[in-house]
Amino acid sequence: MNFRTNIPLQKERNQIDYKSAVLLIGSCFSENIYNTLAYYKFNVNSNPFGILFNPKAIEKLIYNAVNLKKYTSKDIFQLNEQWHCFDAHSDLSKPTSTQLLDTLNTKINDTHQQLNAATHLLITLGSAWVYRFIETDSLVGNCHKVPQKKFLKHLLTVDEINDSLEVICTLVKSINPKINIIFTVSPVRHLKDGFVENNLSKAHLLTAIHQIVDKRKQLYYFPSYEIMMDDLRDYRFYNSDMIHPNKTAITYIWEQFTQVWIHKNAQPIMKEVDAIQKGLAHKPFNPKTKQHQQFLAALQQKITDLKEHHNISF
């Protein structure tokens, strides 16, 4: 008997290897994939403006980065002794306006360069629910604990999401025509919106993504959401909040991502990197022993070899 529903996956074209440059943008799940790619020492960058959940926020970041927007004092505000920007996550907030503006403008320039250089862009959409700041009639990427009465909340339609994804793809390809764009939907459920509302939100995202992937080249879909919901369909794969995937689930989804998107030539190198990472994390009982010094010398030689042959630095 079969007690699980495995999702059939096929290898994609233009896979990721150690010559690739990968940029990840989107929800907190994109950070999980980023952390694993970074562990294996791929050339990878993630969320320059912090975690962004909805397609409109990601569209705005891409638009501003492609056009090298210059952030000024009118783009930021002060609350609770910190300076914030509605376009960015609170991780970027700073104690002074000068610090925040310097950070935002540096990040915009960095994102422009990363989009230009990237071979792969992975966009993880988390929610179709958006918040509109009433005072300026503009959608925000993060509310920064501004009182909820100052926002209007609404659900993006499939057409609105589709239009947003079209803009994202057109903008990115205007400066990097050869880039491969991979869409995925976060398996994290946004239950603060409500159970029915979360499912409706995910359905809108999935429908819009498939509409655009089906009609454009070099666009792909990776089923993170389906792997979590239909393959790992058990609460033992969740953290204690019963919302976020736990380490086991993240590892499993990464293994499926590897099967689809990591080139076979990269996998032996990944094993070498993994061995080095475990060696670096090893804590000896007697660090001054001759045996441990020999271990460190062998480890350093492996690091040197990877640097020389594959330009991988630790």
# chains A, B, ... in the order shown; residues from 1 in each chain; ligands from 1
>>> select_by_dssp(residues="range 60-113 of chain A", states="alpha helix (DSSP H)", output="ChimeraX atom specification")
/A:60-66,97-113
>>> write_last_selection(atoms="C-alpha atoms", output="short mmCIF file (atom, residue, chain, number, x, y, z; two decimals), in the first residue's frame")
data_model
loop_
_atom_site.label_atom_id
_atom_site.label_comp_id
_atom_site.auth_asym_id
_atom_site.auth_seq_id
_atom_site.Cartn_x
_atom_site.Cartn_y
_atom_site.Cartn_z
CA LYS A 60 7.41 47.87 -6.65
CA LEU A 61 10.84 46.68 -5.54
CA ILE A 62 11.66 45.44 -9.06
CA TYR A 63 10.38 48.67 -10.64
CA ASN A 64 12.42 50.83 -8.26
CA ALA A 65 15.54 48.70 -8.71
CA VAL A 66 15.39 48.62 -12.50
CA SER A 97 16.56 59.01 8.82
CA THR A 98 20.04 59.37 7.30
CA GLN A 99 20.92 55.78 8.13
CA LEU A 100 17.69 54.50 6.63
CA LEU A 101 18.00 56.51 3.41
CA ASP A 102 21.61 55.38 2.98
CA THR A 103 20.53 51.76 3.47
CA LEU A 104 17.58 51.99 1.07
CA ASN A 105 19.58 53.61 -1.71
CA THR A 106 22.47 51.18 -1.28
CA LYS A 107 20.05 48.25 -1.41
CA ILE A 108 18.36 49.62 -4.55
CA ASN A 109 21.73 49.87 -6.31
CA ASP A 110 22.67 46.38 -5.12
CA THR A 111 19.37 44.96 -6.37
CA HIS A 112 19.85 46.59 -9.78
CA GLN A 113 23.29 45.00 -10.08
#
>>> closest_atom_pairs(of="range 171-245 of chain A", to="range 259-265 of chain A", cutoff="12 Å", atoms="only C-alpha atoms", output="tab-separated table")
residue	atom	partner	partner_atom	distance
A:Asn180	CA	A:Trp261	CA	11.2
A:Ile181	CA	A:Trp261	CA	11.9
A:Ile182	CA	A:Trp261	CA	9.8
A:Tyr220	CA	A:Trp261	CA	10.5
A:Tyr221	CA	A:Val260	CA	10.6
A:Phe222	CA	A:Val260	CA	8.4
A:Pro223	CA	A:Val260	CA	10.5
A:Ser224	CA	A:Val260	CA	11.7
>>> residues_around(residues="Leu121 in chain A", least_positions_apart="2", cutoff="9 Å", atoms="only C-alpha atoms", output="list of chain:residue names")
A:Ala21, A:Val22, A:Leu23, A:Leu24, A:Ile25, A:Leu115, A:Ala118, A:Thr119, A:Ile123, A:Ile179, A:Asn180, A:Ile181, A:Ile182, A:Phe183
>>> write_last_selection(atoms="C-alpha atoms", output="mmCIF file, in the first residue's frame")
data_model
loop_
_atom_site.group_PDB
_atom_site.id
_atom_site.type_symbol
_atom_site.label_atom_id
_atom_site.label_comp_id
_atom_site.auth_asym_id
_atom_site.auth_seq_id
_atom_site.Cartn_x
_atom_site.Cartn_y
_atom_site.Cartn_z
ATOM 1 C CA ALA A 21 24.028 33.716 -9.931
ATOM 2 C CA VAL A 22 20.766 33.342 -8.028
ATOM 3 C CA LEU A 23 18.581 36.085 -6.559
ATOM 4 C CA LEU A 24 15.643 35.193 -4.297
ATOM 5 C CA ILE A 25 12.829 37.621 -3.504
ATOM 6 C CA LEU A 115 19.167 41.617 -11.376
ATOM 7 C CA ALA A 118 21.498 36.944 -12.153
ATOM 8 C CA THR A 119 21.034 33.795 -14.185
ATOM 9 C CA ILE A 123 10.152 34.674 -6.553
ATOM 10 C CA ILE A 179 17.366 35.398 -16.949
ATOM 11 C CA ASN A 180 15.347 32.369 -15.809
ATOM 12 C CA ILE A 181 12.458 33.312 -13.506
ATOM 13 C CA ILE A 182 11.127 30.660 -11.135
ATOM 14 C CA PHE A 183 7.850 31.267 -9.318
#
>>> residues_around(residues="range 194-211 of chain A", least_positions_apart="6", cutoff="6 Å", atoms="only C-alpha atoms", output="PDB file with N, CA and C atoms, in the first residue's frame")
ATOM      1  N   SER A 127       1.153  35.794  -0.161  1.00  0.00           N
ATOM      2  CA  SER A 127      -0.247  36.157   0.062  1.00  0.00           C
ATOM      3  C   SER A 127      -0.737  37.103  -1.019  1.00  0.00           C
ATOM      4  N   ALA A 128      -2.027  36.990  -1.319  1.00  0.00           N
ATOM      5  CA  ALA A 128      -2.669  37.918  -2.253  1.00  0.00           C
ATOM      6  C   ALA A 128      -3.387  39.038  -1.508  1.00  0.00           C
ATOM      7  N   VAL A 158      -7.249  37.678  -9.440  1.00  0.00           N
ATOM      8  CA  VAL A 158      -6.321  36.923 -10.288  1.00  0.00           C
ATOM      9  C   VAL A 158      -5.775  37.819 -11.394  1.00  0.00           C
ATOM     10  N   ILE A 161      -3.102  40.179 -10.021  1.00  0.00           N
ATOM     11  CA  ILE A 161      -1.843  39.470  -9.779  1.00  0.00           C
ATOM     12  C   ILE A 161      -1.150  39.164 -11.095  1.00  0.00           C
ATOM     13  N   ASN A 162      -1.926  38.719 -12.069  1.00  0.00           N
ATOM     14  CA  ASN A 162      -1.361  38.410 -13.381  1.00  0.00           C
ATOM     15  C   ASN A 162      -0.703  39.636 -13.993  1.00  0.00           C
TER      16      ASN A 162
END
>>> closest_residue(among="A:Leu52, A:Val185, A:Ile168, A:Leu191", to="Cys143 in chain A", atoms="only C-alpha atoms")
A:Leu52
>>> residues_around(residues="Leu232 in chain A", least_positions_apart="3", cutoff="9 Å", atoms="only C-alpha atoms", output="NGL selection string")
:A and (4-6 or 226-229 or 235-237 or 249 or 252)
>>> closest_residue(among="A:His309, A:Lys74, A:Arg132, A:Arg216", to="His154 in chain A", atoms="only C-alpha atoms")
A:Arg132
>>> select_by_dssp(residues="range 26-201 of chain A", states="strand (DSSP E or B)", output="count of residues only")
37
>>> closest_residue(among="A:Lys217, A:Lys41, A:Lys278, A:Arg13", to="Lys307 in chain A", atoms="only C-alpha atoms")
A:Lys41
>>> residues_around(residues="Ile312 in chain A", least_positions_apart="2", cutoff="12 Å", atoms="only C-alpha atoms", output="PDB file with all heavy atoms, in the first residue's frame")
ATOM      1  N   TYR A  18      27.440  25.962 -10.136  1.00  0.00           N
ATOM      2  CA  TYR A  18      28.306  26.885  -9.401  1.00  0.00           C
ATOM      3  C   TYR A  18      28.767  28.078 -10.234  1.00  0.00           C
ATOM      4  O   TYR A  18      29.464  28.959  -9.728  1.00  0.00           O
ATOM      5  CB  TYR A  18      29.486  26.139  -8.790  1.00  0.00           C
ATOM      6  CG  TYR A  18      29.106  25.464  -7.482  1.00  0.00           C
ATOM      7  CD1 TYR A  18      28.672  24.147  -7.457  1.00  0.00           C
ATOM      8  CD2 TYR A  18      29.133  26.170  -6.287  1.00  0.00           C
ATOM      9  CE1 TYR A  18      28.297  23.541  -6.266  1.00  0.00           C
ATOM     10  CE2 TYR A  18      28.764  25.580  -5.099  1.00  0.00           C
ATOM     11  CZ  TYR A  18      28.340  24.265  -5.083  1.00  0.00           C
ATOM     12  OH  TYR A  18      27.952  23.684  -3.894  1.00  0.00           O
ATOM     13  N   LYS A  19      28.351  28.137 -11.489  1.00  0.00           N
ATOM     14  CA  LYS A  19      28.592  29.330 -12.308  1.00  0.00           C
ATOM     15  C   LYS A  19      27.368  30.241 -12.333  1.00  0.00           C
ATOM     16  O   LYS A  19      27.428  31.342 -12.879  1.00  0.00           O
ATOM     17  CB  LYS A  19      28.966  28.913 -13.733  1.00  0.00           C
ATOM     18  CG  LYS A  19      30.285  28.164 -13.828  1.00  0.00           C
ATOM     19  CD  LYS A  19      30.589  27.761 -15.263  1.00  0.00           C
ATOM     20  CE  LYS A  19      31.889  26.978 -15.353  1.00  0.00           C
ATOM     21  NZ  LYS A  19      32.194  26.534 -16.740  1.00  0.00           N
ATOM     22  N   ALA A  38      23.085  29.103   0.293  1.00  0.00           N
ATOM     23  CA  ALA A  38      24.246  29.772   0.877  1.00  0.00           C
ATOM     24  C   ALA A  38      25.128  28.776   1.634  1.00  0.00           C
ATOM     25  O   ALA A  38      26.365  28.870   1.589  1.00  0.00           O
ATOM     26  CB  ALA A  38      23.787  30.893   1.812  1.00  0.00           C
ATOM     27  N   TYR A  39      24.515  27.819   2.323  1.00  0.00           N
ATOM     28  CA  TYR A  39      25.271  26.791   3.038  1.00  0.00           C
ATOM     29  C   TYR A  39      26.169  26.030   2.064  1.00  0.00           C
ATOM     30  O   TYR A  39      27.334  25.738   2.376  1.00  0.00           O
ATOM     31  CB  TYR A  39      24.306  25.828   3.726  1.00  0.00           C
ATOM     32  CG  TYR A  39      24.974  24.616   4.356  1.00  0.00           C
ATOM     33  CD1 TYR A  39      25.499  24.678   5.646  1.00  0.00           C
ATOM     34  CD2 TYR A  39      25.071  23.416   3.657  1.00  0.00           C
ATOM     35  CE1 TYR A  39      26.113  23.567   6.221  1.00  0.00           C
ATOM     36  CE2 TYR A  39      25.685  22.305   4.222  1.00  0.00           C
ATOM     37  CZ  TYR A  39      26.200  22.382   5.496  1.00  0.00           C
ATOM     38  OH  TYR A  39      26.807  21.277   6.068  1.00  0.00           O
ATOM     39  N   TYR A  40      25.651  25.732   0.882  1.00  0.00           N
ATOM     40  CA  TYR A  40      26.418  24.999  -0.121  1.00  0.00           C
ATOM     41  C   TYR A  40      27.289  25.917  -0.979  1.00  0.00           C
ATOM     42  O   TYR A  40      27.891  25.473  -1.959  1.00  0.00           O
ATOM     43  CB  TYR A  40      25.481  24.178  -1.006  1.00  0.00           C
ATOM     44  CG  TYR A  40      24.949  22.946  -0.309  1.00  0.00           C
ATOM     45  CD1 TYR A  40      23.627  22.884   0.113  1.00  0.00           C
ATOM     46  CD2 TYR A  40      25.771  21.850  -0.068  1.00  0.00           C
ATOM     47  CE1 TYR A  40      23.130  21.757   0.763  1.00  0.00           C
ATOM     48  CE2 TYR A  40      25.295  20.722   0.576  1.00  0.00           C
ATOM     49  CZ  TYR A  40      23.969  20.686   0.993  1.00  0.00           C
ATOM     50  OH  TYR A  40      23.499  19.563   1.625  1.00  0.00           O
ATOM     51  N   LYS A  41      27.351  27.186  -0.609  1.00  0.00           N
ATOM     52  CA  LYS A  41      28.261  28.155  -1.209  1.00  0.00           C
ATOM     53  C   LYS A  41      27.970  28.474  -2.675  1.00  0.00           C
ATOM     54  O   LYS A  41      28.883  28.754  -3.459  1.00  0.00           O
ATOM     55  CB  LYS A  41      29.718  27.704  -1.051  1.00  0.00           C
ATOM     56  CG  LYS A  41      30.191  27.616   0.394  1.00  0.00           C
ATOM     57  CD  LYS A  41      30.152  28.984   1.063  1.00  0.00           C
ATOM     58  CE  LYS A  41      30.584  28.922   2.506  1.00  0.00           C
ATOM     59  NZ  LYS A  41      30.596  30.259   3.160  1.00  0.00           N
ATOM     60  N   PHE A  42      26.686  28.429  -3.046  1.00  0.00           N
ATOM     61  CA  PHE A  42      26.312  28.932  -4.360  1.00  0.00           C
ATOM     62  C   PHE A  42      26.393  30.462  -4.345  1.00  0.00           C
ATOM     63  O   PHE A  42      26.365  31.095  -3.271  1.00  0.00           O
ATOM     64  CB  PHE A  42      24.897  28.490  -4.720  1.00  0.00           C
ATOM     65  CG  PHE A  42      24.788  27.045  -5.134  1.00  0.00           C
ATOM     66  CD1 PHE A  42      24.505  26.063  -4.197  1.00  0.00           C
ATOM     67  CD2 PHE A  42      24.976  26.668  -6.455  1.00  0.00           C
ATOM     68  CE1 PHE A  42      24.413  24.730  -4.568  1.00  0.00           C
ATOM     69  CE2 PHE A  42      24.885  25.340  -6.843  1.00  0.00           C
ATOM     70  CZ  PHE A  42      24.597  24.364  -5.895  1.00  0.00           C
ATOM     71  N   ASN A  43      26.473  31.047  -5.516  1.00  0.00           N
ATOM     72  CA  ASN A  43      26.470  32.502  -5.651  1.00  0.00           C
ATOM     73  C   ASN A  43      25.023  32.974  -5.535  1.00  0.00           C
ATOM     74  O   ASN A  43      24.257  32.907  -6.502  1.00  0.00           O
ATOM     75  CB  ASN A  43      27.071  32.898  -7.002  1.00  0.00           C
ATOM     76  CG  ASN A  43      27.075  34.396  -7.225  1.00  0.00           C
ATOM     77  OD1 ASN A  43      26.784  35.176  -6.324  1.00  0.00           O
ATOM     78  ND2 ASN A  43      27.405  34.803  -8.442  1.00  0.00           N
ATOM     79  N   ILE A 269      30.276  18.665  -5.941  1.00  0.00           N
ATOM     80  CA  ILE A 269      30.868  19.821  -5.257  1.00  0.00           C
ATOM     81  C   ILE A 269      30.099  20.114  -3.982  1.00  0.00           C
ATOM     82  O   ILE A 269      30.692  20.448  -2.939  1.00  0.00           O
ATOM     83  CB  ILE A 269      30.883  21.053  -6.191  1.00  0.00           C
ATOM     84  CG1 ILE A 269      31.619  20.730  -7.490  1.00  0.00           C
ATOM     85  CG2 ILE A 269      31.523  22.249  -5.499  1.00  0.00           C
ATOM     86  CD1 ILE A 269      31.510  21.806  -8.558  1.00  0.00           C
ATOM     87  N   MET A 270      28.777  19.984  -4.046  1.00  0.00           N
ATOM     88  CA  MET A 270      27.959  20.193  -2.852  1.00  0.00           C
ATOM     89  C   MET A 270      28.365  19.244  -1.724  1.00  0.00           C
ATOM     90  O   MET A 270      28.403  19.628  -0.554  1.00  0.00           O
ATOM     91  CB  MET A 270      26.476  20.015  -3.187  1.00  0.00           C
ATOM     92  CG  MET A 270      25.894  21.108  -4.058  1.00  0.00           C
ATOM     93  SD  MET A 270      24.239  20.710  -4.677  1.00  0.00           S
ATOM     94  CE  MET A 270      23.315  20.622  -3.146  1.00  0.00           C
ATOM     95  N   GLU A 272      31.354  17.990  -1.247  1.00  0.00           N
ATOM     96  CA  GLU A 272      32.623  18.488  -0.708  1.00  0.00           C
ATOM     97  C   GLU A 272      32.393  19.672   0.224  1.00  0.00           C
ATOM     98  O   GLU A 272      32.993  19.758   1.301  1.00  0.00           O
ATOM     99  CB  GLU A 272      33.550  18.897  -1.853  1.00  0.00           C
ATOM    100  CG  GLU A 272      34.048  17.751  -2.715  1.00  0.00           C
ATOM    101  CD  GLU A 272      34.988  18.245  -3.800  1.00  0.00           C
ATOM    102  OE1 GLU A 272      35.901  19.025  -3.463  1.00  0.00           O
ATOM    103  OE2 GLU A 272      34.802  17.874  -4.972  1.00  0.00           O
ATOM    104  N   VAL A 273      31.528  20.589  -0.203  1.00  0.00           N
ATOM    105  CA  VAL A 273      31.223  21.758   0.624  1.00  0.00           C
ATOM    106  C   VAL A 273      30.584  21.331   1.939  1.00  0.00           C
ATOM    107  O   VAL A 273      30.923  21.840   3.013  1.00  0.00           O
ATOM    108  CB  VAL A 273      30.291  22.729  -0.133  1.00  0.00           C
ATOM    109  CG1 VAL A 273      29.812  23.850   0.788  1.00  0.00           C
ATOM    110  CG2 VAL A 273      30.998  23.319  -1.354  1.00  0.00           C
ATOM    111  N   ILE A 276      33.155  20.044   4.332  1.00  0.00           N
ATOM    112  CA  ILE A 276      33.933  21.147   4.901  1.00  0.00           C
ATOM    113  C   ILE A 276      33.106  21.887   5.951  1.00  0.00           C
ATOM    114  O   ILE A 276      33.604  22.222   7.040  1.00  0.00           O
ATOM    115  CB  ILE A 276      34.403  22.101   3.794  1.00  0.00           C
ATOM    116  CG1 ILE A 276      35.443  21.399   2.914  1.00  0.00           C
ATOM    117  CG2 ILE A 276      34.990  23.386   4.397  1.00  0.00           C
ATOM    118  CD1 ILE A 276      35.825  22.178   1.666  1.00  0.00           C
ATOM    119  N   LYS A 302      41.400  21.310   1.616  1.00  0.00           N
ATOM    120  CA  LYS A 302      40.149  21.133   0.867  1.00  0.00           C
ATOM    121  C   LYS A 302      39.545  22.492   0.501  1.00  0.00           C
ATOM    122  O   LYS A 302      39.042  22.678  -0.612  1.00  0.00           O
ATOM    123  CB  LYS A 302      39.143  20.330   1.698  1.00  0.00           C
ATOM    124  CG  LYS A 302      39.507  18.867   1.888  1.00  0.00           C
ATOM    125  CD  LYS A 302      38.465  18.153   2.743  1.00  0.00           C
ATOM    126  CE  LYS A 302      38.832  16.702   2.962  1.00  0.00           C
ATOM    127  NZ  LYS A 302      37.834  16.008   3.836  1.00  0.00           N
ATOM    128  N   ILE A 303      39.601  23.438   1.436  1.00  0.00           N
ATOM    129  CA  ILE A 303      39.080  24.785   1.182  1.00  0.00           C
ATOM    130  C   ILE A 303      39.884  25.455   0.073  1.00  0.00           C
ATOM    131  O   ILE A 303      39.319  26.082  -0.840  1.00  0.00           O
ATOM    132  CB  ILE A 303      39.120  25.628   2.479  1.00  0.00           C
ATOM    133  CG1 ILE A 303      38.119  25.078   3.502  1.00  0.00           C
ATOM    134  CG2 ILE A 303      38.844  27.098   2.175  1.00  0.00           C
ATOM    135  CD1 ILE A 303      38.208  25.727   4.866  1.00  0.00           C
ATOM    136  N   THR A 304      41.206  25.304   0.123  1.00  0.00           N
ATOM    137  CA  THR A 304      42.069  25.882  -0.909  1.00  0.00           C
ATOM    138  C   THR A 304      41.780  25.278  -2.275  1.00  0.00           C
ATOM    139  O   THR A 304      41.710  25.989  -3.288  1.00  0.00           O
ATOM    140  CB  THR A 304      43.549  25.656  -0.544  1.00  0.00           C
ATOM    141  OG1 THR A 304      43.821  26.266   0.716  1.00  0.00           O
ATOM    142  CG2 THR A 304      44.469  26.251  -1.608  1.00  0.00           C
ATOM    143  N   ASP A 305      41.585  23.963  -2.320  1.00  0.00           N
ATOM    144  CA  ASP A 305      41.288  23.283  -3.594  1.00  0.00           C
ATOM    145  C   ASP A 305      39.978  23.777  -4.195  1.00  0.00           C
ATOM    146  O   ASP A 305      39.886  24.004  -5.415  1.00  0.00           O
ATOM    147  CB  ASP A 305      41.218  21.766  -3.377  1.00  0.00           C
ATOM    148  CG  ASP A 305      42.586  21.164  -3.074  1.00  0.00           C
ATOM    149  OD1 ASP A 305      43.599  21.847  -3.317  1.00  0.00           O
ATOM    150  OD2 ASP A 305      42.635  20.018  -2.565  1.00  0.00           O
ATOM    151  N   LEU A 306      38.947  23.938  -3.362  1.00  0.00           N
ATOM    152  CA  LEU A 306      37.659  24.423  -3.868  1.00  0.00           C
ATOM    153  C   LEU A 306      37.784  25.847  -4.386  1.00  0.00           C
ATOM    154  O   LEU A 306      37.152  26.207  -5.387  1.00  0.00           O
ATOM    155  CB  LEU A 306      36.592  24.354  -2.769  1.00  0.00           C
ATOM    156  CG  LEU A 306      35.900  23.014  -2.560  1.00  0.00           C
ATOM    157  CD1 LEU A 306      34.855  23.124  -1.462  1.00  0.00           C
ATOM    158  CD2 LEU A 306      35.226  22.535  -3.845  1.00  0.00           C
ATOM    159  N   LYS A 307      38.586  26.654  -3.714  1.00  0.00           N
ATOM    160  CA  LYS A 307      38.799  28.029  -4.162  1.00  0.00           C
ATOM    161  C   LYS A 307      39.496  28.049  -5.518  1.00  0.00           C
ATOM    162  O   LYS A 307      39.113  28.794  -6.431  1.00  0.00           O
ATOM    163  CB  LYS A 307      39.638  28.784  -3.118  1.00  0.00           C
ATOM    164  CG  LYS A 307      40.062  30.185  -3.530  1.00  0.00           C
ATOM    165  CD  LYS A 307      38.884  31.132  -3.650  1.00  0.00           C
ATOM    166  CE  LYS A 307      39.360  32.546  -3.952  1.00  0.00           C
ATOM    167  NZ  LYS A 307      38.230  33.481  -4.179  1.00  0.00           N
ATOM    168  N   GLU A 308      40.500  27.209  -5.684  1.00  0.00           N
ATOM    169  CA  GLU A 308      41.281  27.202  -6.923  1.00  0.00           C
ATOM    170  C   GLU A 308      40.490  26.639  -8.098  1.00  0.00           C
ATOM    171  O   GLU A 308      40.552  27.167  -9.205  1.00  0.00           O
ATOM    172  CB  GLU A 308      42.568  26.376  -6.714  1.00  0.00           C
ATOM    173  CG  GLU A 308      43.588  27.061  -5.809  1.00  0.00           C
ATOM    174  CD  GLU A 308      44.821  26.208  -5.616  1.00  0.00           C
ATOM    175  OE1 GLU A 308      44.861  25.056  -6.116  1.00  0.00           O
ATOM    176  OE2 GLU A 308      45.774  26.699  -4.958  1.00  0.00           O
ATOM    177  N   HIS A 309      39.744  25.563  -7.849  1.00  0.00           N
ATOM    178  CA  HIS A 309      39.075  24.864  -8.956  1.00  0.00           C
ATOM    179  C   HIS A 309      37.674  25.385  -9.251  1.00  0.00           C
ATOM    180  O   HIS A 309      37.211  25.315 -10.389  1.00  0.00           O
ATOM    181  CB  HIS A 309      39.015  23.369  -8.657  1.00  0.00           C
ATOM    182  CG  HIS A 309      40.347  22.709  -8.593  1.00  0.00           C
ATOM    183  ND1 HIS A 309      40.835  22.121  -7.442  1.00  0.00           N
ATOM    184  CD2 HIS A 309      41.342  22.592  -9.527  1.00  0.00           C
ATOM    185  CE1 HIS A 309      42.042  21.635  -7.673  1.00  0.00           C
ATOM    186  NE2 HIS A 309      42.373  21.910  -8.929  1.00  0.00           N
ATOM    187  N   HIS A 310      36.982  25.914  -8.228  1.00  0.00           N
ATOM    188  CA  HIS A 310      35.586  26.316  -8.433  1.00  0.00           C
ATOM    189  C   HIS A 310      35.283  27.740  -7.939  1.00  0.00           C
ATOM    190  O   HIS A 310      34.119  28.146  -7.952  1.00  0.00           O
ATOM    191  CB  HIS A 310      34.653  25.322  -7.725  1.00  0.00           C
ATOM    192  CG  HIS A 310      34.842  23.909  -8.177  1.00  0.00           C
ATOM    193  ND1 HIS A 310      34.485  23.473  -9.438  1.00  0.00           N
ATOM    194  CD2 HIS A 310      35.392  22.833  -7.545  1.00  0.00           C
ATOM    195  CE1 HIS A 310      34.775  22.191  -9.561  1.00  0.00           C
ATOM    196  NE2 HIS A 310      35.326  21.775  -8.436  1.00  0.00           N
ATOM    197  N   PHE A 314      35.141  30.285   1.655  1.00  0.00           N
ATOM    198  CA  PHE A 314      34.496  30.037   2.946  1.00  0.00           C
ATOM    199  C   PHE A 314      34.776  31.210   3.884  1.00  0.00           C
ATOM    200  O   PHE A 314      35.748  31.923   3.732  1.00  0.00           O
ATOM    201  CB  PHE A 314      35.039  28.733   3.564  1.00  0.00           C
ATOM    202  CG  PHE A 314      34.433  27.515   2.940  1.00  0.00           C
ATOM    203  CD1 PHE A 314      34.910  27.051   1.732  1.00  0.00           C
ATOM    204  CD2 PHE A 314      33.402  26.854   3.572  1.00  0.00           C
ATOM    205  CE1 PHE A 314      34.361  25.915   1.152  1.00  0.00           C
ATOM    206  CE2 PHE A 314      32.841  25.724   3.012  1.00  0.00           C
ATOM    207  CZ  PHE A 314      33.315  25.237   1.787  1.00  0.00           C
TER     208      PHE A 314
END
>>> closest_residue(among="A:Lys271, A:Lys69, A:Lys178, A:Lys150", to="Gln218 in chain A", atoms="only C-alpha atoms")
A:Lys178
>>> atom_distance(atom1="CA of Ala57 in chain A", atom2="CA of Pro177 in chain A")
22.3 Å
>>> atom_distance(atom1="CA of Leu139 in chain A", atom2="CA of Phe86 in chain A")
8.4 Å
>>> closest_residue(among="A:Leu171, A:Ala117, A:Ile16, A:Cys85", to="Val140 in chain A", atoms="only C-alpha atoms")
A:Cys85
>>> residues_around(residues="Val146 in chain A", least_positions_apart="6", cutoff="10 Å", atoms="only C-alpha atoms", output="number ranges by chain")
A: 79-80, 133
